[in-house]
Structure formats: C-alpha cells, structure tokens
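Notes follow once the structure below has been shown.
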Amino acid sequence: MTGLRYVYAVCRPFGTPLQAQLTGVAGDPPRLLAHHGLVAVVSHVPERDFAEEPLRSRLEDLDWLTATARAHQGVIDALTVVTTPLPLRLATVFRDDSGVRTMLQAREADFRRTLDRLEGRVEWGVKLYVDAPPADTGAPAAKAATGRDYLRQRRAGVRAHEEQWQRAEEFANRLHETLSAVAEDSRLHPPQNATLSGAAGRNVLNAAYLVPRSRSEEFVELVDRTKDETTDFRVELTGPWAAYSFAGEKP
C-alpha cells in the first residue's frame with residue numbers, strides 16, 4: 001500500500017500479537033517496523049490528508065481531528081495491553097519507511113533510556129472535583145429583612161465557600177501524598193477548565209501517577225477506599241494508560 005507513514009509509538013520488540021481486527025488512523029491496520037532493537041508502530045495514511053499543507057487544514061477540522069485522535073488512542077491502548085509503548089505526538093508522519101528508520105536512529109539513545117524507565121509501568125489519572133464551585137456566591141436563599149441582614153448572609157455564604165475550598169485543597173494534598181507513596185513518579189497537571197472538559201464541578205486535583213503493573217491493583221483499591229472517605233468531593237480514576245505524562249525526561 002502506498003502513502004505516508006503515520007507513527008503511533010516506539011517500543012521494544014514484543015511477541016504477543018495485536019488484535020486481529022485492530023485498525024488505525026485512516027482505517028489502515030498498524031504494523032511493526034523494526035530497527036536496531038526498537039520497533040516503530042506505523043500505518044499508511046493518504047497524502048491528501050497528511051501531507052504538510054492538507055494536514056494543517058485538517059487539524060482545524062474538529063470532527064476529523066476527533067476521529068483521528070480516537071483511532072490513534074485505540075492503537076496506543078492495544079499496545080499498552082501487550083507491551084510498554086512510548087507514544088508519539090498525534091499526526092507524527094514521515095514520507096516512507098526510510099524516514100521512520102532515520103528518526104529511530106537519531107533518537108535511539110533517548111528512546112532506549114525512556115523505555116528502560118517506563119518498562120512494566122502504566123499511568124493512572126486521578127481527578128478531584130468540588131461539586132459546588134466556591135465562585136458561585138449568588139443571592140442567599142432566605143429573604144433578608146434588612147440590608148444589614150443581606151450583607152451578613154452574603155458574607156456567611158462567601159465564608160462557607162472559602163472553607164469548602166480549604167477542605168478540598170487539604171483533602172487533595174492528602175490524597176496526592178497517599179497515592180504518591182504507591183507510585184514511582186507523579187505529575188501535577190493544571191486543573192481542567194470545566195467549560196472545555198464538560199465535567200461537572202470544579203477541578204481541584206488533576207494528577208498522573210506512574211505505577212508498576214504489579215502494584216496497579218493496590219493503587220486502584222487505594223483510590224476506591226479514598227472515594228468512600230468523603231461525600232463532599234468527587235474522586236475520578238482513569239487508566240491504565242500508556243505513560244504519556246512521563247514520556248519525556250523528568251523535569
């Protein structure tokens with residue numbers, strides 16, 4: 001098949017086959033391109049979409065971008081089941097197999113070092129939400145008899161929200177410390193914007209944890225126990241993922 005080469009990830013050789021019906025970006029099944037003990041997971045994509053100029057336009061098409069990201073993630077998820085992949089950026093494209101091998105050659109030392117660090121490990125994501133945002137300080141529910149009563153109620157509402165935020169931050173700090181004791185590494189990402197993420201509530205903690213596969217069950221049970229400790233906040237666990245947050249060098 002002709003076309004450009006789309007690269008999903010780099011990993012070490014593995015013996016377990018990928019799912020037979022697995023398809024990647026543009027519907028093409030991924031294949032393995034070996035070079036010096038490393039493997040690039042690639043598929044063919046059409047130049048009409050992935051050459052430099054059309055790709056720039058395509059990346060502004062939200063529907064196309066969503067479908068491409070979904071297909072990309074599907075391949076990464078399948079790889080995570082059978083090996084430790086080092087994911088590359090969405091829409092990493094080369095002219096041909098030779099271009100992919102040149103990339104592997106140029107970055108070989110970095111790839112090997114990172115794969116050694118991530119071997120046998122997965123990423124888990126944990127988010128903590130406050131369902132009633134402190135910024136929501138609307139009018140008091142009870143009608144105030146005087147202007148002074150109104151101001152007093154407003155101040156009480158503000159204090160209640162501030163106290164809730166303080167409890168949420170304290171809980172988030174304890175949770176992060178507890179989970180970090182099981183994880184080998186962690187990353188604190190900026191809180192997600194509720195408008196963009198669509199998640200209910202205000203995001204207080206948005207963290208990623210690098211966990212050995214052998215301790216993943218322990219990690220999940222620890223998060224589940226934490227969920228039972230509070231009804232004031234919502235804890236969400238996602239994963240296991242390929243170690244996206246830890247693919248680069250530690251800052």
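In the structure tokens, chains take the letters A, B, ... in the order shown, each chain's residues start at 1, and ligands count up from 1 in the order shown.
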Which polymer residues have any atom within 12 Å of an atom of A:Arg215, counting only C-alpha atoms, with same-chain residues fewer than 3 positions away left out, as an mmCIF file with N, CA, C and O atoms, in the first residue's frame?
data_model
loop_
_atom_site.group_PDB
_atom_site.id
_atom_site.type_symbol
_atom_site.label_atom_id
_atom_site.label_comp_id
_atom_site.auth_asym_id
_atom_site.auth_seq_id
_atom_site.Cartn_x
_atom_site.Cartn_y
_atom_site.Cartn_z
ATOM 1 N N GLY A 120 7.299 -1.970 32.146
ATOM 2 C CA GLY A 120 6.469 -2.604 33.165
ATOM 3 C C GLY A 120 5.641 -1.641 33.986
ATOM 4 O O GLY A 120 5.130 -2.002 35.053
ATOM 5 N N ARG A 121 5.466 -0.421 33.503
ATOM 6 C CA ARG A 121 4.739 0.604 34.254
ATOM 7 C C ARG A 121 3.631 1.203 33.399
ATOM 8 O O ARG A 121 3.745 1.247 32.183
ATOM 9 N N VAL A 122 2.592 1.672 34.060
ATOM 10 C CA VAL A 122 1.467 2.307 33.376
ATOM 11 C C VAL A 122 1.125 3.607 34.096
ATOM 12 O O VAL A 122 1.565 3.845 35.225
ATOM 13 N N GLU A 123 0.336 4.415 33.428
ATOM 14 C CA GLU A 123 -0.089 5.690 34.008
ATOM 15 C C GLU A 123 -1.551 5.596 34.448
ATOM 16 O O GLU A 123 -2.398 5.086 33.721
ATOM 17 N N TRP A 124 -1.805 6.086 35.658
ATOM 18 C CA TRP A 124 -3.169 6.230 36.157
ATOM 19 C C TRP A 124 -3.441 7.715 36.376
ATOM 20 O O TRP A 124 -2.576 8.441 36.856
ATOM 21 N N LEU A 179 -1.253 8.606 47.382
ATOM 22 C CA LEU A 179 -1.080 7.892 46.117
ATOM 23 C C LEU A 179 0.375 7.920 45.655
ATOM 24 O O LEU A 179 0.859 6.951 45.050
ATOM 25 N N ALA A 181 2.881 7.606 47.439
ATOM 26 C CA ALA A 181 3.633 6.598 48.185
ATOM 27 C C ALA A 181 3.605 5.242 47.491
ATOM 28 O O ALA A 181 4.517 4.423 47.662
ATOM 29 N N VAL A 182 2.578 5.004 46.666
ATOM 30 C CA VAL A 182 2.481 3.746 45.921
ATOM 31 C C VAL A 182 3.096 3.897 44.529
ATOM 32 O O VAL A 182 3.686 2.963 43.994
ATOM 33 N N ALA A 183 2.978 5.087 43.956
ATOM 34 C CA ALA A 183 3.502 5.339 42.609
ATOM 35 C C ALA A 183 5.015 5.553 42.641
ATOM 36 O O ALA A 183 5.584 5.917 43.670
ATOM 37 N N GLU A 184 5.646 5.321 41.504
ATOM 38 C CA GLU A 184 7.077 5.579 41.374
ATOM 39 C C GLU A 184 7.356 7.033 41.004
ATOM 40 O O GLU A 184 8.443 7.550 41.254
ATOM 41 N N TYR A 209 -0.067 9.384 37.743
ATOM 42 C CA TYR A 209 0.823 8.579 38.578
ATOM 43 C C TYR A 209 1.407 7.437 37.754
ATOM 44 O O TYR A 209 0.674 6.748 37.039
ATOM 45 N N LEU A 210 2.710 7.283 37.851
ATOM 46 C CA LEU A 210 3.400 6.190 37.174
ATOM 47 C C LEU A 210 3.490 5.025 38.156
ATOM 48 O O LEU A 210 4.153 5.117 39.196
ATOM 49 N N VAL A 211 2.817 3.918 37.803
ATOM 50 C CA VAL A 211 2.658 2.808 38.735
ATOM 51 C C VAL A 211 3.113 1.503 38.077
ATOM 52 O O VAL A 211 2.730 1.225 36.938
ATOM 53 N N PRO A 212 3.933 0.695 38.773
ATOM 54 C CA PRO A 212 4.268 -0.625 38.231
ATOM 55 C C PRO A 212 2.994 -1.449 38.021
ATOM 56 O O PRO A 212 2.064 -1.380 38.840
ATOM 57 N N GLU A 218 -3.289 -2.640 43.759
ATOM 58 C CA GLU A 218 -3.159 -1.958 45.042
ATOM 59 C C GLU A 218 -3.497 -0.473 44.898
ATOM 60 O O GLU A 218 -4.183 0.108 45.753
ATOM 61 N N PHE A 219 -3.032 0.141 43.822
ATOM 62 C CA PHE A 219 -3.280 1.561 43.592
ATOM 63 C C PHE A 219 -4.780 1.816 43.405
ATOM 64 O O PHE A 219 -5.333 2.756 43.998
ATOM 65 N N VAL A 220 -5.430 0.998 42.604
ATOM 66 C CA VAL A 220 -6.866 1.165 42.344
ATOM 67 C C VAL A 220 -7.662 0.992 43.638
ATOM 68 O O VAL A 220 -8.598 1.759 43.922
ATOM 69 N N GLU A 221 -7.311 -0.008 44.437
ATOM 70 C CA GLU A 221 -8.011 -0.223 45.705
ATOM 71 C C GLU A 221 -7.831 0.971 46.642
ATOM 72 O O GLU A 221 -8.755 1.346 47.368
ATOM 73 N N LEU A 222 -6.659 1.571 46.609
ATOM 74 C CA LEU A 222 -6.388 2.741 47.446
ATOM 75 C C LEU A 222 -7.268 3.916 47.030
ATOM 76 O O LEU A 222 -7.830 4.624 47.879
ATOM 77 N N PRO A 240 -5.767 1.935 33.112
ATOM 78 C CA PRO A 240 -4.350 2.323 32.918
ATOM 79 C C PRO A 240 -4.088 2.796 31.492
ATOM 80 O O PRO A 240 -4.656 2.277 30.537
#
Exercise for the section: Check stretch 2-251 of chain A with DSSP on the backbone and list each residue it calls strand (DSSP E), as number ranges by chain. Expected result: A: 4-11, 31-35, 38-45, 86-87, 93-94, 121-130, 185-188, 202-212, 233-241
Practice task
Calculate how many Å separate atom CA of A:Ala71 from atom CA of A:Thr23, rounding to one decimal.
Solution key: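 Here the two named atoms are 7.5 Å from each other.
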Problem - Best match for closeness to A:Gly74 among A:Ala242, A:Leu237, A:Ala207, A:Leu128, counting only C-alpha atoms - result: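 Ranked by minimum distance to A:Gly74, first place goes to A:Ala242.
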Contacts of stretch 45-52 of chain A within 10 Å, only C-alpha atoms, excl. fewer than 3 positions in-chain, as a PDB file with all heavy atoms, in the first residue's frame:
ATOM      1  N   MET A   1       0.852  -1.206   0.000  1.00  0.00           N
ATOM      2  CA  MET A   1       0.000   0.000   0.000  1.00  0.00           C
ATOM      3  C   MET A   1       0.876   1.241   0.000  1.00  0.00           C
ATOM      4  O   MET A   1       1.856   1.333   0.732  1.00  0.00           O
ATOM      5  CB  MET A   1      -0.902  -0.015   1.241  1.00  0.00           C
ATOM      6  CG  MET A   1      -1.813   1.204   1.333  1.00  0.00           C
ATOM      7  SD  MET A   1      -2.894   1.099   2.785  1.00  0.00           S
ATOM      8  CE  MET A   1      -3.746   2.664   2.616  1.00  0.00           C
ATOM      9  N   THR A   2       0.523   2.182  -0.807  1.00  0.00           N
ATOM     10  CA  THR A   2       1.284   3.426  -0.869  1.00  0.00           C
ATOM     11  C   THR A   2       0.722   4.422   0.137  1.00  0.00           C
ATOM     12  O   THR A   2      -0.367   4.256   0.671  1.00  0.00           O
ATOM     13  CB  THR A   2       1.212   4.025  -2.283  1.00  0.00           C
ATOM     14  OG1 THR A   2      -0.147   4.281  -2.606  1.00  0.00           O
ATOM     15  CG2 THR A   2       1.832   3.067  -3.295  1.00  0.00           C
ATOM     16  N   GLY A   3       1.475   5.497   0.350  1.00  0.00           N
ATOM     17  CA  GLY A   3       1.022   6.523   1.282  1.00  0.00           C
ATOM     18  C   GLY A   3       2.128   6.892   2.231  1.00  0.00           C
ATOM     19  O   GLY A   3       3.225   6.308   2.233  1.00  0.00           O
ATOM     20  N   LEU A   4       1.854   7.882   3.053  1.00  0.00           N
ATOM     21  CA  LEU A   4       2.810   8.307   4.060  1.00  0.00           C
ATOM     22  C   LEU A   4       2.790   7.337   5.241  1.00  0.00           C
ATOM     23  O   LEU A   4       1.894   6.505   5.363  1.00  0.00           O
ATOM     24  CB  LEU A   4       2.451   9.723   4.522  1.00  0.00           C
ATOM     25  CG  LEU A   4       2.387  10.786   3.418  1.00  0.00           C
ATOM     26  CD1 LEU A   4       1.921  12.118   3.995  1.00  0.00           C
ATOM     27  CD2 LEU A   4       3.743  10.943   2.730  1.00  0.00           C
ATOM     28  N   ARG A   5       3.788   7.481   6.119  1.00  0.00           N
ATOM     29  CA  ARG A   5       3.873   6.598   7.282  1.00  0.00           C
ATOM     30  C   ARG A   5       3.481   7.377   8.537  1.00  0.00           C
ATOM     31  O   ARG A   5       4.117   8.365   8.890  1.00  0.00           O
ATOM     32  CB  ARG A   5       5.275   6.030   7.455  1.00  0.00           C
ATOM     33  CG  ARG A   5       5.831   5.300   6.246  1.00  0.00           C
ATOM     34  CD  ARG A   5       4.932   4.136   5.804  1.00  0.00           C
ATOM     35  NE  ARG A   5       5.574   3.369   4.752  1.00  0.00           N
ATOM     36  CZ  ARG A   5       5.420   3.592   3.458  1.00  0.00           C
ATOM     37  NH1 ARG A   5       4.642   4.598   3.046  1.00  0.00           N
ATOM     38  NH2 ARG A   5       6.043   2.841   2.562  1.00  0.00           N
ATOM     39  N   TYR A   6       2.429   6.911   9.183  1.00  0.00           N
ATOM     40  CA  TYR A   6       1.943   7.502  10.428  1.00  0.00           C
ATOM     41  C   TYR A   6       2.525   6.678  11.574  1.00  0.00           C
ATOM     42  O   TYR A   6       2.347   5.459  11.621  1.00  0.00           O
ATOM     43  CB  TYR A   6       0.417   7.465  10.455  1.00  0.00           C
ATOM     44  CG  TYR A   6      -0.210   8.168  11.632  1.00  0.00           C
ATOM     45  CD1 TYR A   6      -0.852   9.391  11.473  1.00  0.00           C
ATOM     46  CD2 TYR A   6      -0.174   7.613  12.911  1.00  0.00           C
ATOM     47  CE1 TYR A   6      -1.436  10.045  12.556  1.00  0.00           C
ATOM     48  CE2 TYR A   6      -0.734   8.252  13.984  1.00  0.00           C
ATOM     49  CZ  TYR A   6      -1.377   9.472  13.808  1.00  0.00           C
ATOM     50  OH  TYR A   6      -1.942  10.118  14.878  1.00  0.00           O
ATOM     51  N   GLY A  24      -6.093   1.440  12.460  1.00  0.00           N
ATOM     52  CA  GLY A  24      -5.552   2.695  12.962  1.00  0.00           C
ATOM     53  C   GLY A  24      -6.139   3.885  12.240  1.00  0.00           C
ATOM     54  O   GLY A  24      -7.272   3.849  11.731  1.00  0.00           O
ATOM     55  N   VAL A  25      -5.378   4.950  12.193  1.00  0.00           N
ATOM     56  CA  VAL A  25      -5.790   6.174  11.522  1.00  0.00           C
ATOM     57  C   VAL A  25      -6.031   5.888  10.041  1.00  0.00           C
ATOM     58  O   VAL A  25      -5.291   5.129   9.409  1.00  0.00           O
ATOM     59  CB  VAL A  25      -4.709   7.253  11.710  1.00  0.00           C
ATOM     60  CG1 VAL A  25      -5.017   8.487  10.887  1.00  0.00           C
ATOM     61  CG2 VAL A  25      -4.575   7.620  13.188  1.00  0.00           C
ATOM     62  N   ALA A  26      -7.079   6.478   9.502  1.00  0.00           N
ATOM     63  CA  ALA A  26      -7.475   6.294   8.103  1.00  0.00           C
ATOM     64  C   ALA A  26      -7.847   4.845   7.793  1.00  0.00           C
ATOM     65  O   ALA A  26      -7.879   4.433   6.632  1.00  0.00           O
ATOM     66  CB  ALA A  26      -6.382   6.772   7.148  1.00  0.00           C
ATOM     67  N   GLY A  27      -8.133   4.047   8.842  1.00  0.00           N
ATOM     68  CA  GLY A  27      -8.618   2.686   8.647  1.00  0.00           C
ATOM     69  C   GLY A  27      -7.569   1.646   8.321  1.00  0.00           C
ATOM     70  O   GLY A  27      -7.908   0.483   8.036  1.00  0.00           O
ATOM     71  N   ASP A  28      -6.304   2.012   8.340  1.00  0.00           N
ATOM     72  CA  ASP A  28      -5.241   1.071   7.978  1.00  0.00           C
ATOM     73  C   ASP A  28      -4.725   0.356   9.226  1.00  0.00           C
ATOM     74  O   ASP A  28      -4.434   0.999  10.237  1.00  0.00           O
ATOM     75  CB  ASP A  28      -4.094   1.827   7.305  1.00  0.00           C
ATOM     76  CG  ASP A  28      -3.071   0.874   6.692  1.00  0.00           C
ATOM     77  OD1 ASP A  28      -3.490  -0.019   5.936  1.00  0.00           O
ATOM     78  OD2 ASP A  28      -1.872   1.029   6.987  1.00  0.00           O
ATOM     79  N   VAL A  42       3.513   1.624  12.982  1.00  0.00           N
ATOM     80  CA  VAL A  42       3.158   2.551  11.910  1.00  0.00           C
ATOM     81  C   VAL A  42       1.950   2.042  11.121  1.00  0.00           C
ATOM     82  O   VAL A  42       1.596   0.864  11.197  1.00  0.00           O
ATOM     83  CB  VAL A  42       4.335   2.762  10.938  1.00  0.00           C
ATOM     84  CG1 VAL A  42       5.599   3.168  11.685  1.00  0.00           C
ATOM     85  CG2 VAL A  42       4.608   1.487  10.121  1.00  0.00           C
ATOM     86  N   LEU A  55      -2.615  18.682   5.953  1.00  0.00           N
ATOM     87  CA  LEU A  55      -2.681  18.354   7.381  1.00  0.00           C
ATOM     88  C   LEU A  55      -2.931  19.608   8.212  1.00  0.00           C
ATOM     89  O   LEU A  55      -3.699  19.586   9.182  1.00  0.00           O
ATOM     90  CB  LEU A  55      -1.389  17.666   7.831  1.00  0.00           C
ATOM     91  CG  LEU A  55      -1.321  17.278   9.318  1.00  0.00           C
ATOM     92  CD1 LEU A  55      -2.458  16.329   9.681  1.00  0.00           C
ATOM     93  CD2 LEU A  55       0.027  16.648   9.650  1.00  0.00           C
ATOM     94  N   ARG A  56      -2.311  20.705   7.819  1.00  0.00           N
ATOM     95  CA  ARG A  56      -2.505  21.951   8.557  1.00  0.00           C
ATOM     96  C   ARG A  56      -3.985  22.346   8.556  1.00  0.00           C
ATOM     97  O   ARG A  56      -4.522  22.799   9.581  1.00  0.00           O
ATOM     98  CB  ARG A  56      -1.650  23.061   7.933  1.00  0.00           C
ATOM     99  CG  ARG A  56      -1.631  24.348   8.744  1.00  0.00           C
ATOM    100  CD  ARG A  56      -0.716  25.389   8.141  1.00  0.00           C
ATOM    101  NE  ARG A  56       0.686  24.976   8.191  1.00  0.00           N
ATOM    102  CZ  ARG A  56       1.431  24.668   7.136  1.00  0.00           C
ATOM    103  NH1 ARG A  56       0.911  24.738   5.927  1.00  0.00           N
ATOM    104  NH2 ARG A  56       2.683  24.311   7.275  1.00  0.00           N
ATOM    105  N   SER A  57      -4.636  22.156   7.437  1.00  0.00           N
ATOM    106  CA  SER A  57      -6.066  22.471   7.351  1.00  0.00           C
ATOM    107  C   SER A  57      -6.904  21.445   8.111  1.00  0.00           C
ATOM    108  O   SER A  57      -7.873  21.792   8.801  1.00  0.00           O
ATOM    109  CB  SER A  57      -6.514  22.518   5.891  1.00  0.00           C
ATOM    110  OG  SER A  57      -5.832  23.535   5.177  1.00  0.00           O
ATOM    111  N   ARG A  58      -6.530  20.188   7.993  1.00  0.00           N
ATOM    112  CA  ARG A  58      -7.276  19.118   8.644  1.00  0.00           C
ATOM    113  C   ARG A  58      -7.284  19.277  10.168  1.00  0.00           C
ATOM    114  O   ARG A  58      -8.274  18.968  10.843  1.00  0.00           O
ATOM    115  CB  ARG A  58      -6.675  17.763   8.275  1.00  0.00           C
ATOM    116  CG  ARG A  58      -7.093  17.240   6.918  1.00  0.00           C
ATOM    117  CD  ARG A  58      -8.585  17.014   6.860  1.00  0.00           C
ATOM    118  NE  ARG A  58      -8.989  16.091   5.825  1.00  0.00           N
ATOM    119  CZ  ARG A  58     -10.244  15.720   5.605  1.00  0.00           C
ATOM    120  NH1 ARG A  58     -11.216  16.231   6.344  1.00  0.00           N
ATOM    121  NH2 ARG A  58     -10.555  14.877   4.659  1.00  0.00           N
ATOM    122  N   LEU A  59      -6.187  19.751  10.725  1.00  0.00           N
ATOM    123  CA  LEU A  59      -6.086  19.900  12.173  1.00  0.00           C
ATOM    124  C   LEU A  59      -7.028  20.963  12.719  1.00  0.00           C
ATOM    125  O   LEU A  59      -7.247  21.037  13.935  1.00  0.00           O
ATOM    126  CB  LEU A  59      -4.639  20.224  12.569  1.00  0.00           C
ATOM    127  CG  LEU A  59      -3.628  19.081  12.376  1.00  0.00           C
ATOM    128  CD1 LEU A  59      -2.217  19.549  12.694  1.00  0.00           C
ATOM    129  CD2 LEU A  59      -3.997  17.866  13.226  1.00  0.00           C
ATOM    130  N   TRP A  64     -12.789  15.779  12.112  1.00  0.00           N
ATOM    131  CA  TRP A  64     -11.684  14.966  11.599  1.00  0.00           C
ATOM    132  C   TRP A  64     -10.638  14.739  12.685  1.00  0.00           C
ATOM    133  O   TRP A  64     -10.130  13.631  12.861  1.00  0.00           O
ATOM    134  CB  TRP A  64     -11.048  15.671  10.404  1.00  0.00           C
ATOM    135  CG  TRP A  64      -9.952  14.895   9.735  1.00  0.00           C
ATOM    136  CD1 TRP A  64     -10.073  14.007   8.698  1.00  0.00           C
ATOM    137  CD2 TRP A  64      -8.552  14.932  10.064  1.00  0.00           C
ATOM    138  NE1 TRP A  64      -8.832  13.483   8.358  1.00  0.00           N
ATOM    139  CE2 TRP A  64      -7.885  14.036   9.185  1.00  0.00           C
ATOM    140  CE3 TRP A  64      -7.800  15.619  11.002  1.00  0.00           C
ATOM    141  CZ2 TRP A  64      -6.509  13.826   9.225  1.00  0.00           C
ATOM    142  CZ3 TRP A  64      -6.423  15.403  11.056  1.00  0.00           C
ATOM    143  CH2 TRP A  64      -5.791  14.524  10.177  1.00  0.00           C
ATOM    144  N   ALA A  91      -0.459  12.711  14.842  1.00  0.00           N
ATOM    145  CA  ALA A  91      -0.084  13.122  13.481  1.00  0.00           C
ATOM    146  C   ALA A  91       1.422  13.259  13.298  1.00  0.00           C
ATOM    147  O   ALA A  91       1.909  14.202  12.678  1.00  0.00           O
ATOM    148  CB  ALA A  91      -0.793  14.413  13.096  1.00  0.00           C
ATOM    149  N   THR A  92       2.173  12.295  13.835  1.00  0.00           N
ATOM    150  CA  THR A  92       3.607  12.194  13.538  1.00  0.00           C
ATOM    151  C   THR A  92       3.740  11.398  12.240  1.00  0.00           C
ATOM    152  O   THR A  92       3.441  10.203  12.203  1.00  0.00           O
ATOM    153  CB  THR A  92       4.356  11.487  14.677  1.00  0.00           C
ATOM    154  OG1 THR A  92       4.238  12.274  15.870  1.00  0.00           O
ATOM    155  CG2 THR A  92       5.821  11.310  14.334  1.00  0.00           C
ATOM    156  N   VAL A  93       4.164  12.059  11.167  1.00  0.00           N
ATOM    157  CA  VAL A  93       4.106  11.470   9.828  1.00  0.00           C
ATOM    158  C   VAL A  93       5.463  11.593   9.134  1.00  0.00           C
ATOM    159  O   VAL A  93       6.147  12.624   9.261  1.00  0.00           O
ATOM    160  CB  VAL A  93       3.021  12.172   8.974  1.00  0.00           C
ATOM    161  CG1 VAL A  93       2.965  11.592   7.569  1.00  0.00           C
ATOM    162  CG2 VAL A  93       1.652  12.053   9.655  1.00  0.00           C
ATOM    163  N   PHE A  94       5.841  10.539   8.382  1.00  0.00           N
ATOM    164  CA  PHE A  94       7.077  10.533   7.596  1.00  0.00           C
ATOM    165  C   PHE A  94       6.756  10.104   6.166  1.00  0.00           C
ATOM    166  O   PHE A  94       5.726   9.487   5.894  1.00  0.00           O
ATOM    167  CB  PHE A  94       8.113   9.590   8.223  1.00  0.00           C
ATOM    168  CG  PHE A  94       8.579  10.056   9.576  1.00  0.00           C
ATOM    169  CD1 PHE A  94       7.898   9.675  10.727  1.00  0.00           C
ATOM    170  CD2 PHE A  94       9.681  10.891   9.709  1.00  0.00           C
ATOM    171  CE1 PHE A  94       8.314  10.112  11.976  1.00  0.00           C
ATOM    172  CE2 PHE A  94      10.101  11.337  10.950  1.00  0.00           C
ATOM    173  CZ  PHE A  94       9.418  10.943  12.089  1.00  0.00           C
ATOM    174  N   ARG A  95       7.675  10.435   5.273  1.00  0.00           N
ATOM    175  CA  ARG A  95       7.467  10.165   3.856  1.00  0.00           C
ATOM    176  C   ARG A  95       7.397   8.662   3.568  1.00  0.00           C
ATOM    177  O   ARG A  95       6.541   8.197   2.823  1.00  0.00           O
ATOM    178  CB  ARG A  95       8.592  10.814   3.043  1.00  0.00           C
ATOM    179  CG  ARG A  95       8.638  10.437   1.554  1.00  0.00           C
ATOM    180  CD  ARG A  95       7.393  10.831   0.808  1.00  0.00           C
ATOM    181  NE  ARG A  95       7.118  12.265   0.898  1.00  0.00           N
ATOM    182  CZ  ARG A  95       6.025  12.829   0.398  1.00  0.00           C
ATOM    183  NH1 ARG A  95       5.095  12.085  -0.201  1.00  0.00           N
ATOM    184  NH2 ARG A  95       5.839  14.130   0.503  1.00  0.00           N
TER     185      ARG A  95
END
Please provide as a PDB file with N, CA, C and O atoms, in the first residue's frame all residues within 7 Å of A:Arg202, with the sequence filter that same-chain residues fewer than 4 positions apart are discarded (counting only C-alpha atoms).
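Okay, this is what ended up in around23.pdb:
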ATOM      1  N   TYR A 129     -12.885  16.662  42.289  1.00  0.00           N
ATOM      2  CA  TYR A 129     -13.804  17.745  41.943  1.00  0.00           C
ATOM      3  C   TYR A 129     -14.584  18.213  43.172  1.00  0.00           C
ATOM      4  O   TYR A 129     -14.929  17.414  44.051  1.00  0.00           O
ATOM      5  N   VAL A 130     -14.841  19.507  43.210  1.00  0.00           N
ATOM      6  CA  VAL A 130     -15.772  20.085  44.167  1.00  0.00           C
ATOM      7  C   VAL A 130     -17.053  20.362  43.401  1.00  0.00           C
ATOM      8  O   VAL A 130     -17.041  21.111  42.413  1.00  0.00           O
ATOM      9  N   ASP A 131     -18.158  19.778  43.817  1.00  0.00           N
ATOM     10  CA  ASP A 131     -19.395  19.894  43.045  1.00  0.00           C
ATOM     11  C   ASP A 131     -20.036  21.269  43.120  1.00  0.00           C
ATOM     12  O   ASP A 131     -20.779  21.656  42.234  1.00  0.00           O
ATOM     13  N   PRO A 133     -18.917  25.004  43.081  1.00  0.00           N
ATOM     14  CA  PRO A 133     -17.778  25.913  42.948  1.00  0.00           C
ATOM     15  C   PRO A 133     -17.845  27.062  43.927  1.00  0.00           C
ATOM     16  O   PRO A 133     -18.887  27.680  44.091  1.00  0.00           O
ATOM     17  N   ALA A 194     -13.691  23.592  33.354  1.00  0.00           N
ATOM     18  CA  ALA A 194     -14.966  22.874  33.283  1.00  0.00           C
ATOM     19  C   ALA A 194     -15.686  23.113  31.962  1.00  0.00           C
ATOM     20  O   ALA A 194     -16.346  22.224  31.429  1.00  0.00           O
TER      21      ALA A 194
END
Handout entry: Spatial neighbours of stretch 8-20 of chain A, max dist 9 Å, only C-alpha atoms, sep filter under 5 positions, as number ranges by chain
Key = A: 29-30, 32, 34, 37-43, 72-73, 75-76, 78-79, 81-92, 104, 111-112, 115
Handout entry: A:Trp241, A:Phe246, A:Trp165, A:Phe233 ranked by distance to A:Lys127, top pick (using only C-alpha atoms)
Key =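 Checking each candidate against A:Lys127, we get A:Phe233 as the closest.
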